[in-house]
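Undergrad: Before we start, here is the structure in question, set down as structure tokens.
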Amino acid sequence: MSKKNRIFLSIVSSFMLGVIALGLWSRLGPLSPSVTQALASSSSAQRLEEDEGPMADHPYEALAWRNLSLVDENGFIPADGLINANQQIKAMRAQQEAASKKAITSNGWTWLGPGNIGGRVRSVVIHPTNTNIMWAGSVTGGIWKTTNGGASWAIMDDFMTNMAVSTMVIDPTNPEVLYAGTGETGWGGSEYAEPVGGGVFKTTNGGTTWTQLASTNTYEWYFVNRLAISPANPLILLAATDSGTWKSIDGGTSWVKAVTGSTRPGDVNFNPVDGTKAISAARSENAYYSTNSGDSWTAATFTSIDSGAGRVEVAYAPSNPSIVYASVEINGGEVWKSTDGGVTYSRVNTGQNFGANGWNSPLWVDPTNPNILIVGGIDLFRSTDGGATLTQISVWQDAPSSAHADHHWIVEQPGFNGTSNTTVLFGNDGGVYRADNVYTVVGTSGWTELNNNLGITQFYGAAGNPTTGKIVGGTQDNGTLVYTPAGGTEGWTTTFGGDGGWSAADPVDDNYLYGEYIYAQVHRSNNGGVFSEDIWGQYWDGFAYQYKSAPYTITEAKNSQANFIAPLVLDPNNSNRLLVGAESLWRTNDVKAPNTSTTGPAWYVIKAPTTGNSNISAIVVAPGNSDIIWVGHNNGDVYVTTNGTSATPTWAQVDSNSPGLPDRYVTRIAVDKNNTSKAYVTFGGFNPDNVWVTTNGGSTWTDSAGSGLTGLPYLPVRSLVIHPFNSNWIYIGTELGIFTSVDGGATWDVSHNGPTNTPVDELFWMDTKLVATTYGRGLFQQETATFSDVPGAYWSWSWIERLYAAGITGGCATSPSLAYCPDSSVTRAQMAVFLLKGMHGSSYTPPAVGGSTGFGDVAADYWAAAWIKQLAAEGITSGCGAGNYCPETIVTRAQMSIFLLKAKHGSSYSPPAATGDFTDVPVGYWADKWIEQLAVEGITGGCGVGVYCPDSPVTRAQMAVFLVKTFTLP
């Protein structure tokens, strides 16, 4: 970590600790909006990456920004928010299990990956006798298992009550028993912590199923930082949590909190050979030891330690447990050593800046040699002389050839003996890595990346090209990534490093992909994602980063005057126009302009900062109308313009209009493409009113979160999209998965089995495929087509969907799945139903038949008898001749023209004379004028160039087009 970055972190950490000391915060208490805003876009963070390269990651700022969407108007995160939301979801699921109509299906999700990128792993556990079996605990990605040494991984439970796994231990006497602690504390002493956990989970079958230990389902167990299991009795466990150190003597059934020791321990370890002894370390400033198996704790002594120390990690030397090492977050990282089992410590290394910090501070001691240890932070350093000197052994910029940045866990393979077995595993922000020889691994030599189907990447946003299926997405600490269908789950590539964010994809030319680094620093790929370059104004002159003159620089990006992850959107109506939100709203109308050291896309402010400079958090351009732009802010302000393409648009603030929107973080805004006066706005916080809708451009608002068991749980809503062809179908991504509505938000349905119990940060469409962008499990996709035999790529898919949405058809079969039979021909009986519903509406039911239908071949009990009789009564048909109707006869395209025009204009309608427009319908053909008039009215274009195919049968797919056009169905 660079000096500038360390100074920044030290300043912020000191500020946070000072606030805590003054009692301004209770646990999960108030985070004032002004503080979180400042930390999410702090000018102190300006240009942190300059001396690290332009792709460094910033986990603390990421946590501060993410907390903006968790707090309420007063800056509070309720201690029981996640627990209550989970209870609401369980109640909804029980109530709705038998629901018949859903906007997505429970088993229709396809995971897109990435399986080759990884994500944050804070714990790795290895089977004691079969080293091919390992478990990895991922933060927001759950628990994964491999049975082949990391050649492939599988998720254990995508619907574990809590997926934020931070620590795991295994029973050495029964490897089927494992424990997992959840929740991730952010700083070495601060209140920034996310995601929130759900206590301790236990498995007795090797991880196939996990049970939440009931005694830990309280707010005191929201952050379980480390678990330890006694070498003397596997039923005795210690837990270091943000509420103190806890002990269980019955395998986790019950726990007792120690009244002494650290109030916020981050680490705890049993002596490897003596179960009466243990050590622990605080999230800040100190370490402790116990001589009674953790019942009580005594503060250790650090001789002449400087004030202001942060996180401390401790580790026994297994071959000589009287030796204990400590990695201390101060002066860029210091190594301390105890020779009395952790009672007193002396400094053995300072000034080498190995990067120990509150986010990542791994420490490992060779089980065969107490003088060999590994410490680190962003990178790893090895010592062979008890910590006196350190040698860097990883280079994060070279990952995956070297280990990825930000290390959290180091564990040796069982049977490690220093000679024939020297294998060590590492968990970091890039997943799991292995060094087969821990003594010789260095630089890019000796590292093996094990992210094989390990799908734990945390995405902030993504977008895709619907034609090619290419997707671009921004991630936490794993860059901006690119997916192609040909590459699949294991073929994701990196187009830009560091942190990623919101993304955009050109809908026509998939060579153009857009993303951001941090603070609205936008980049572009014009080569399909092979690489990307900054287009916000920064460039490298061969010696240092420089900035272009106006209008080629987003000055607020240069000055970090934006959210850490800032919103950007490509105008859906004009792929040359990109909008970026900082304190101001920036726009370029030439985003594809050649990029040089002096020119490039020209950026202009089209909305000035608000009073108080609240950052923009959400942007949307109305589909079909680029003049309509909506903008949301961190403080809940919402603005709209109806002349957004002008040089200086006029903006109206609409959030205070009746009854008034929440003063919370605006997460997303969505505009209905079928009615641009209708817009949805979503909010953060564990509140009951996180979805609002307007139908009049913001003049008035309605709470659309619902209530009771058909309402949304009280969760932050992170994304909302409207189905492209059915405006009543609404989809939202929340802190705990996806919810859907089929009635425009009046009621909501819980997603019973999909895709996963993790935050869904963004939803977007690839034609009719819904893509879920998750913060911890990568991307999932589901085809939202109603009928199983009419995929989104089918030529008349949208017409069939519109016919279904209008209630004109219910399909041709319901078992084993709903089907439409698009290529089947339409009978005259079916035609009667289609036409009358099109004429009178989906709820229309014809009068009862009575005694006779009037047709000799249509009995009174025939399935469509009433429809056929009514069609004749309205003068649309007189039958097929000789008193018959011919109900099972297929309708021809010529007959269809007469049916449709009479249904549209009335039974007495007669079209003008024919002129011979179609070569296969000569003047004098019995239906010539009806066919030509159908074309004149735009209902048909024929069956080919200059031909109509009058005697061809009408298929159900063609019928959908005819009916939607004839009756102008929405």
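Letters A, B, ... mark the chains of the structure tokens in the order given; residue numbers begin at 1 per chain; ligand numbers begin at 1, in order shown.
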Please report, as JSON lines, each residue of segment 293-345 of chain A lying at most 12 Å from segment 397-421 of chain A, together with the nearest pair of atoms and the separation in Å rounded to one decimal; use only C-alpha atoms, and order rows by chain and ascending residue number.
TA:
```
{"residue": "A:Glu313", "atom": "CA", "partner": "A:His408", "partner_atom": "CA", "distance": 10.7}
{"residue": "A:Ala315", "atom": "CA", "partner": "A:Ile410", "partner_atom": "CA", "distance": 11.1}
{"residue": "A:Pro318", "atom": "CA", "partner": "A:Phe416", "partner_atom": "CA", "distance": 11.6}
{"residue": "A:Ser319", "atom": "CA", "partner": "A:Asn417", "partner_atom": "CA", "distance": 10.8}
```
Undergrad: Just checking: using only C-alpha atoms, which residue out of A:Leu585, A:Ile628, A:Ala550, A:Leu803 ends up closest to Ala602 of chain A?
TA: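 Checking each of A:Leu585, A:Ile628, A:Ala550, A:Leu803 against Ala602 of chain A, counting only C-alpha atoms, the winner is A:Ala550.
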Undergrad: Do you know which residues are at most 8 Å from segment 496-512 of chain A counting only C-alpha atoms, after dropping those on the same chain fewer than 5 positions away, and could you put them as a PyMOL selection string?
TA: chain A and resi 54-58+459-468+470-481+517-518+524-529+531-533+565-570+575+592
Undergrad: Please identify which residues in segment 764-848 of chain A DSSP calls alpha helix (DSSP H) from the backbone, and express them as an MDAnalysis selection string.
TA: chainID A and resid 797:805 828:840
Undergrad: Selected residues, C-alpha atoms, written as a compact mmCIF listing (two decimals), in the first residue's frame, please.
TA:
```txt
# COMPACT_ATOMS: atom_id res chain seq x y z
CA TRP A 797 -42.22 -13.35 -29.54
CA SER A 798 -43.19 -9.80 -28.67
CA TRP A 799 -46.51 -10.06 -30.53
CA ILE A 800 -47.42 -13.27 -28.74
CA GLU A 801 -46.46 -11.74 -25.39
CA ARG A 802 -48.64 -8.72 -26.11
CA LEU A 803 -51.55 -10.96 -27.03
CA TYR A 804 -51.12 -12.81 -23.75
CA ALA A 805 -50.73 -9.63 -21.73
CA ARG A 828 -62.26 -21.40 -37.45
CA ALA A 829 -63.44 -22.23 -33.92
CA GLN A 830 -60.33 -20.72 -32.38
CA MET A 831 -60.73 -17.72 -34.65
CA ALA A 832 -64.17 -17.00 -33.17
CA VAL A 833 -62.68 -16.71 -29.68
CA PHE A 834 -59.70 -14.60 -30.80
CA LEU A 835 -61.87 -12.11 -32.71
CA LEU A 836 -64.56 -11.62 -30.07
CA LYS A 837 -61.99 -11.06 -27.30
CA GLY A 838 -60.14 -8.63 -29.53
CA MET A 839 -63.38 -6.75 -30.24
CA HIS A 840 -64.82 -6.69 -26.73
```
Undergrad: So which residues touch Tyr775 of chain A within 7 Å, counting only C-alpha atoms, skipping near sequence neighbours fewer than 5 positions away, as a PyMOL selection string?
TA: chain A and resi 140+457-460+758-761
Undergrad: Next, write the just-selected residues to a file, as a compact mmCIF listing (two decimals), in the first residue's frame, keeping all heavy atoms as the atom set.
TA:
```
# COMPACT_ATOMS: atom_id res chain seq x y z
N THR A 140 -20.43 -12.73 1.19
CA THR A 140 -21.64 -12.58 0.36
C THR A 140 -21.76 -13.66 -0.71
O THR A 140 -22.72 -13.66 -1.46
CB THR A 140 -21.79 -11.20 -0.30
OG1 THR A 140 -20.81 -11.04 -1.34
CG2 THR A 140 -21.68 -10.08 0.70
N THR A 457 -17.83 -13.58 -7.25
CA THR A 457 -17.45 -12.20 -7.58
C THR A 457 -18.55 -11.24 -7.16
O THR A 457 -19.74 -11.48 -7.38
CB THR A 457 -17.19 -12.08 -9.09
OG1 THR A 457 -16.27 -13.10 -9.49
CG2 THR A 457 -16.62 -10.72 -9.43
N GLN A 458 -18.14 -10.11 -6.58
CA GLN A 458 -19.07 -9.08 -6.13
C GLN A 458 -19.18 -8.00 -7.20
O GLN A 458 -18.25 -7.24 -7.44
CB GLN A 458 -18.58 -8.47 -4.81
CG GLN A 458 -18.58 -9.45 -3.65
CD GLN A 458 -17.98 -8.86 -2.39
OE1 GLN A 458 -16.95 -8.18 -2.44
NE2 GLN A 458 -18.61 -9.08 -1.26
N PHE A 459 -20.34 -7.93 -7.84
CA PHE A 459 -20.58 -6.94 -8.88
C PHE A 459 -21.34 -5.75 -8.32
O PHE A 459 -22.27 -5.89 -7.52
CB PHE A 459 -21.39 -7.54 -10.02
CG PHE A 459 -20.59 -8.35 -11.00
CD1 PHE A 459 -20.33 -9.69 -10.77
CD2 PHE A 459 -20.09 -7.78 -12.17
CE1 PHE A 459 -19.60 -10.45 -11.66
CE2 PHE A 459 -19.35 -8.52 -13.07
CZ PHE A 459 -19.10 -9.86 -12.82
N TYR A 460 -20.98 -4.56 -8.81
CA TYR A 460 -21.73 -3.34 -8.54
C TYR A 460 -22.75 -3.04 -9.64
O TYR A 460 -23.79 -2.44 -9.40
CB TYR A 460 -20.80 -2.13 -8.42
CG TYR A 460 -19.88 -2.15 -7.22
CD1 TYR A 460 -18.51 -1.95 -7.38
CD2 TYR A 460 -20.37 -2.33 -5.94
CE1 TYR A 460 -17.66 -1.93 -6.28
CE2 TYR A 460 -19.53 -2.32 -4.83
CZ TYR A 460 -18.17 -2.11 -5.02
OH TYR A 460 -17.34 -2.09 -3.93
N THR A 758 -28.28 -13.40 -1.90
CA THR A 758 -27.26 -12.36 -1.81
C THR A 758 -27.83 -11.05 -2.32
O THR A 758 -28.86 -11.03 -2.99
CB THR A 758 -26.02 -12.72 -2.64
OG1 THR A 758 -26.42 -12.92 -4.00
CG2 THR A 758 -25.36 -13.98 -2.14
N PRO A 759 -27.16 -9.93 -2.04
CA PRO A 759 -27.63 -8.66 -2.60
C PRO A 759 -27.63 -8.69 -4.12
O PRO A 759 -26.69 -9.19 -4.75
CB PRO A 759 -26.61 -7.65 -2.07
CG PRO A 759 -26.06 -8.27 -0.83
CD PRO A 759 -26.02 -9.74 -1.11
N VAL A 760 -28.70 -8.17 -4.70
CA VAL A 760 -28.79 -8.03 -6.16
C VAL A 760 -28.69 -6.54 -6.45
O VAL A 760 -29.63 -5.78 -6.25
CB VAL A 760 -30.11 -8.62 -6.70
CG1 VAL A 760 -30.21 -8.40 -8.20
CG2 VAL A 760 -30.18 -10.11 -6.38
N ASP A 761 -27.51 -6.13 -6.92
CA ASP A 761 -27.24 -4.71 -7.09
C ASP A 761 -27.84 -4.12 -8.36
O ASP A 761 -28.08 -2.92 -8.43
CB ASP A 761 -25.73 -4.47 -7.08
CG ASP A 761 -25.18 -4.34 -5.67
OD1 ASP A 761 -25.75 -4.98 -4.76
OD2 ASP A 761 -24.20 -3.60 -5.45
```
Undergrad: Mind checking which residues fall within 9 Å of Thr768 of chain A, counting only C-alpha atoms, ignoring those fewer than 6 positions away in the same chain, and posting them as an NGL selection string?
TA: :A and (466 or 723-725 or 782-785 or 791-793 or 798)
Undergrad: Atom CA of Glu61 of chain A and atom CA of Phe564 of chain A are how many Å apart?
TA: 6.6 Å
Undergrad: Excluding same-chain residues fewer than 4 positions from Ser361 of chain A, what lies within 9 Å of it counting only C-alpha atoms, as a ChimeraX atom specification?
TA: /A:311-313,327-329,333,355-357,375-378,406-409
Undergrad: Keeping N, CA, C and O atoms, export the residues of the selection given above as a PDB file, in the first residue's frame.
TA:
```pdb
ATOM      1  N   ARG A 311      -5.531  -2.636  13.898  1.00  0.00           N
ATOM      2  CA  ARG A 311      -5.822  -4.059  13.976  1.00  0.00           C
ATOM      3  C   ARG A 311      -4.589  -4.864  14.383  1.00  0.00           C
ATOM      4  O   ARG A 311      -3.471  -4.581  13.956  1.00  0.00           O
ATOM      5  N   VAL A 312      -4.834  -5.892  15.204  1.00  0.00           N
ATOM      6  CA  VAL A 312      -3.777  -6.804  15.626  1.00  0.00           C
ATOM      7  C   VAL A 312      -4.201  -8.224  15.253  1.00  0.00           C
ATOM      8  O   VAL A 312      -5.344  -8.625  15.483  1.00  0.00           O
ATOM      9  N   GLU A 313      -3.300  -8.977  14.649  1.00  0.00           N
ATOM     10  CA  GLU A 313      -3.500 -10.406  14.383  1.00  0.00           C
ATOM     11  C   GLU A 313      -2.432 -11.180  15.132  1.00  0.00           C
ATOM     12  O   GLU A 313      -1.272 -10.736  15.209  1.00  0.00           O
ATOM     13  N   SER A 327       0.948  -9.353  14.195  1.00  0.00           N
ATOM     14  CA  SER A 327       1.042  -8.360  13.137  1.00  0.00           C
ATOM     15  C   SER A 327       0.188  -7.175  13.569  1.00  0.00           C
ATOM     16  O   SER A 327      -0.994  -7.332  13.881  1.00  0.00           O
ATOM     17  N   VAL A 328       0.814  -5.993  13.599  1.00  0.00           N
ATOM     18  CA  VAL A 328       0.152  -4.818  14.156  1.00  0.00           C
ATOM     19  C   VAL A 328       0.014  -3.740  13.082  1.00  0.00           C
ATOM     20  O   VAL A 328       0.985  -3.424  12.377  1.00  0.00           O
ATOM     21  N   GLU A 329      -1.182  -3.181  12.982  1.00  0.00           N
ATOM     22  CA  GLU A 329      -1.461  -2.126  12.008  1.00  0.00           C
ATOM     23  C   GLU A 329      -0.955  -0.783  12.544  1.00  0.00           C
ATOM     24  O   GLU A 329      -1.681  -0.035  13.188  1.00  0.00           O
ATOM     25  N   GLY A 333       2.763  -1.422   9.171  1.00  0.00           N
ATOM     26  CA  GLY A 333       2.820  -2.821   9.544  1.00  0.00           C
ATOM     27  C   GLY A 333       4.060  -3.131  10.361  1.00  0.00           C
ATOM     28  O   GLY A 333       5.187  -2.860   9.936  1.00  0.00           O
ATOM     29  N   GLY A 355       2.250  -3.593   4.852  1.00  0.00           N
ATOM     30  CA  GLY A 355       0.869  -3.310   4.493  1.00  0.00           C
ATOM     31  C   GLY A 355      -0.198  -3.827   5.416  1.00  0.00           C
ATOM     32  O   GLY A 355      -1.379  -3.889   5.029  1.00  0.00           O
ATOM     33  N   ALA A 356       0.128  -4.202   6.651  1.00  0.00           N
ATOM     34  CA  ALA A 356      -0.912  -4.637   7.583  1.00  0.00           C
ATOM     35  C   ALA A 356      -1.908  -3.511   7.798  1.00  0.00           C
ATOM     36  O   ALA A 356      -1.528  -2.365   8.028  1.00  0.00           O
ATOM     37  N   ASN A 357      -3.178  -3.821   7.701  1.00  0.00           N
ATOM     38  CA  ASN A 357      -4.211  -2.789   7.866  1.00  0.00           C
ATOM     39  C   ASN A 357      -5.497  -3.428   8.364  1.00  0.00           C
ATOM     40  O   ASN A 357      -5.595  -4.645   8.517  1.00  0.00           O
ATOM     41  N   VAL A 375       3.594 -12.546   6.596  1.00  0.00           N
ATOM     42  CA  VAL A 375       2.693 -11.451   6.953  1.00  0.00           C
ATOM     43  C   VAL A 375       2.318 -10.727   5.664  1.00  0.00           C
ATOM     44  O   VAL A 375       2.855 -11.006   4.593  1.00  0.00           O
ATOM     45  N   GLY A 376       1.393  -9.796   5.796  1.00  0.00           N
ATOM     46  CA  GLY A 376       1.049  -9.047   4.599  1.00  0.00           C
ATOM     47  C   GLY A 376      -0.171  -8.177   4.762  1.00  0.00           C
ATOM     48  O   GLY A 376      -0.635  -7.884   5.866  1.00  0.00           O
ATOM     49  N   GLY A 377      -0.690  -7.789   3.631  1.00  0.00           N
ATOM     50  CA  GLY A 377      -1.867  -6.940   3.517  1.00  0.00           C
ATOM     51  C   GLY A 377      -2.314  -7.016   2.086  1.00  0.00           C
ATOM     52  O   GLY A 377      -2.924  -7.985   1.651  1.00  0.00           O
ATOM     53  N   ILE A 378      -1.962  -5.994   1.295  1.00  0.00           N
ATOM     54  CA  ILE A 378      -2.231  -6.063  -0.133  1.00  0.00           C
ATOM     55  C   ILE A 378      -1.385  -7.169  -0.762  1.00  0.00           C
ATOM     56  O   ILE A 378      -1.875  -7.969  -1.553  1.00  0.00           O
ATOM     57  N   ASP A 406      -4.944  -8.108  -1.485  1.00  0.00           N
ATOM     58  CA  ASP A 406      -5.778  -8.091  -0.280  1.00  0.00           C
ATOM     59  C   ASP A 406      -5.951  -9.488   0.308  1.00  0.00           C
ATOM     60  O   ASP A 406      -6.950 -10.174   0.065  1.00  0.00           O
ATOM     61  N   HIS A 407      -4.995  -9.868   1.123  1.00  0.00           N
ATOM     62  CA  HIS A 407      -4.970 -11.215   1.692  1.00  0.00           C
ATOM     63  C   HIS A 407      -5.642 -11.249   3.058  1.00  0.00           C
ATOM     64  O   HIS A 407      -5.500 -10.341   3.869  1.00  0.00           O
ATOM     65  N   HIS A 408      -6.374 -12.349   3.298  1.00  0.00           N
ATOM     66  CA  HIS A 408      -7.157 -12.476   4.521  1.00  0.00           C
ATOM     67  C   HIS A 408      -6.865 -13.759   5.299  1.00  0.00           C
ATOM     68  O   HIS A 408      -7.085 -13.796   6.504  1.00  0.00           O
ATOM     69  N   TRP A 409      -6.424 -14.804   4.618  1.00  0.00           N
ATOM     70  CA  TRP A 409      -6.300 -16.088   5.313  1.00  0.00           C
ATOM     71  C   TRP A 409      -5.163 -16.906   4.708  1.00  0.00           C
ATOM     72  O   TRP A 409      -4.978 -16.937   3.506  1.00  0.00           O
TER      73      TRP A 409
END
```
Undergrad: Which residue out of A:Tyr680, A:Leu934, A:Val621, A:Gly875 has the minimum interatomic distance to Ser907 of chain A when only C-alpha atoms are used?
TA: A:Gly875
Undergrad: Which of these, A:Asn286, A:Asn757, A:Ser910, A:Asn369, has the shortest distance to Ala164 of chain A once you count only C-alpha atoms?
TA: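 Comparing A:Asn286, A:Asn757, A:Ser910, A:Asn369 against Ala164 of chain A, the winner is A:Asn757.
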Undergrad: Give me the residues near Tyr288 of chain A as an MDAnalysis selection string, where near means some atom within 7 Å (using only C-alpha atoms) and where sequence neighbours in that chain fewer than 6 positions away do not count.
TA: chainID A and resid 261 279:281 297:300
Undergrad: Could you write out that same residue set with N, CA and C atoms as a PDB file, in the first residue's frame?
TA:
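Ended up saving to again_15.pdb:
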```pdb
ATOM      1  N   GLY A 261     -11.370  -9.057  28.642  1.00  0.00           N
ATOM      2  CA  GLY A 261     -10.803  -9.156  27.302  1.00  0.00           C
ATOM      3  C   GLY A 261     -11.313  -8.059  26.394  1.00  0.00           C
ATOM      4  N   ILE A 279      -5.143 -17.246  22.851  1.00  0.00           N
ATOM      5  CA  ILE A 279      -4.783 -15.849  22.628  1.00  0.00           C
ATOM      6  C   ILE A 279      -5.855 -15.207  21.760  1.00  0.00           C
ATOM      7  N   SER A 280      -6.018 -13.918  21.911  1.00  0.00           N
ATOM      8  CA  SER A 280      -6.947 -13.173  21.068  1.00  0.00           C
ATOM      9  C   SER A 280      -6.349 -11.811  20.774  1.00  0.00           C
ATOM     10  N   ALA A 281      -6.916 -11.155  19.781  1.00  0.00           N
ATOM     11  CA  ALA A 281      -6.417  -9.831  19.397  1.00  0.00           C
ATOM     12  C   ALA A 281      -7.596  -8.928  19.113  1.00  0.00           C
ATOM     13  N   TRP A 297      -9.903 -13.287  30.291  1.00  0.00           N
ATOM     14  CA  TRP A 297      -8.801 -12.827  29.456  1.00  0.00           C
ATOM     15  C   TRP A 297      -8.022 -11.717  30.165  1.00  0.00           C
ATOM     16  N   THR A 298      -6.719 -11.675  29.882  1.00  0.00           N
ATOM     17  CA  THR A 298      -5.845 -10.648  30.440  1.00  0.00           C
ATOM     18  C   THR A 298      -5.129  -9.946  29.300  1.00  0.00           C
ATOM     19  N   ALA A 299      -5.028  -8.643  29.399  1.00  0.00           N
ATOM     20  CA  ALA A 299      -4.362  -7.871  28.347  1.00  0.00           C
ATOM     21  C   ALA A 299      -2.873  -8.178  28.331  1.00  0.00           C
ATOM     22  N   ALA A 300      -2.383  -8.391  27.127  1.00  0.00           N
ATOM     23  CA  ALA A 300      -0.949  -8.604  26.955  1.00  0.00           C
ATOM     24  C   ALA A 300      -0.218  -7.270  27.032  1.00  0.00           C
TER      25      ALA A 300
END
```
Undergrad: One number please: atom CA of Gly81 of chain A to atom CA of Pro713 of chain A, in Å, one decimal.
TA: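 Distance reported for this atom pair: 10.0 Å.
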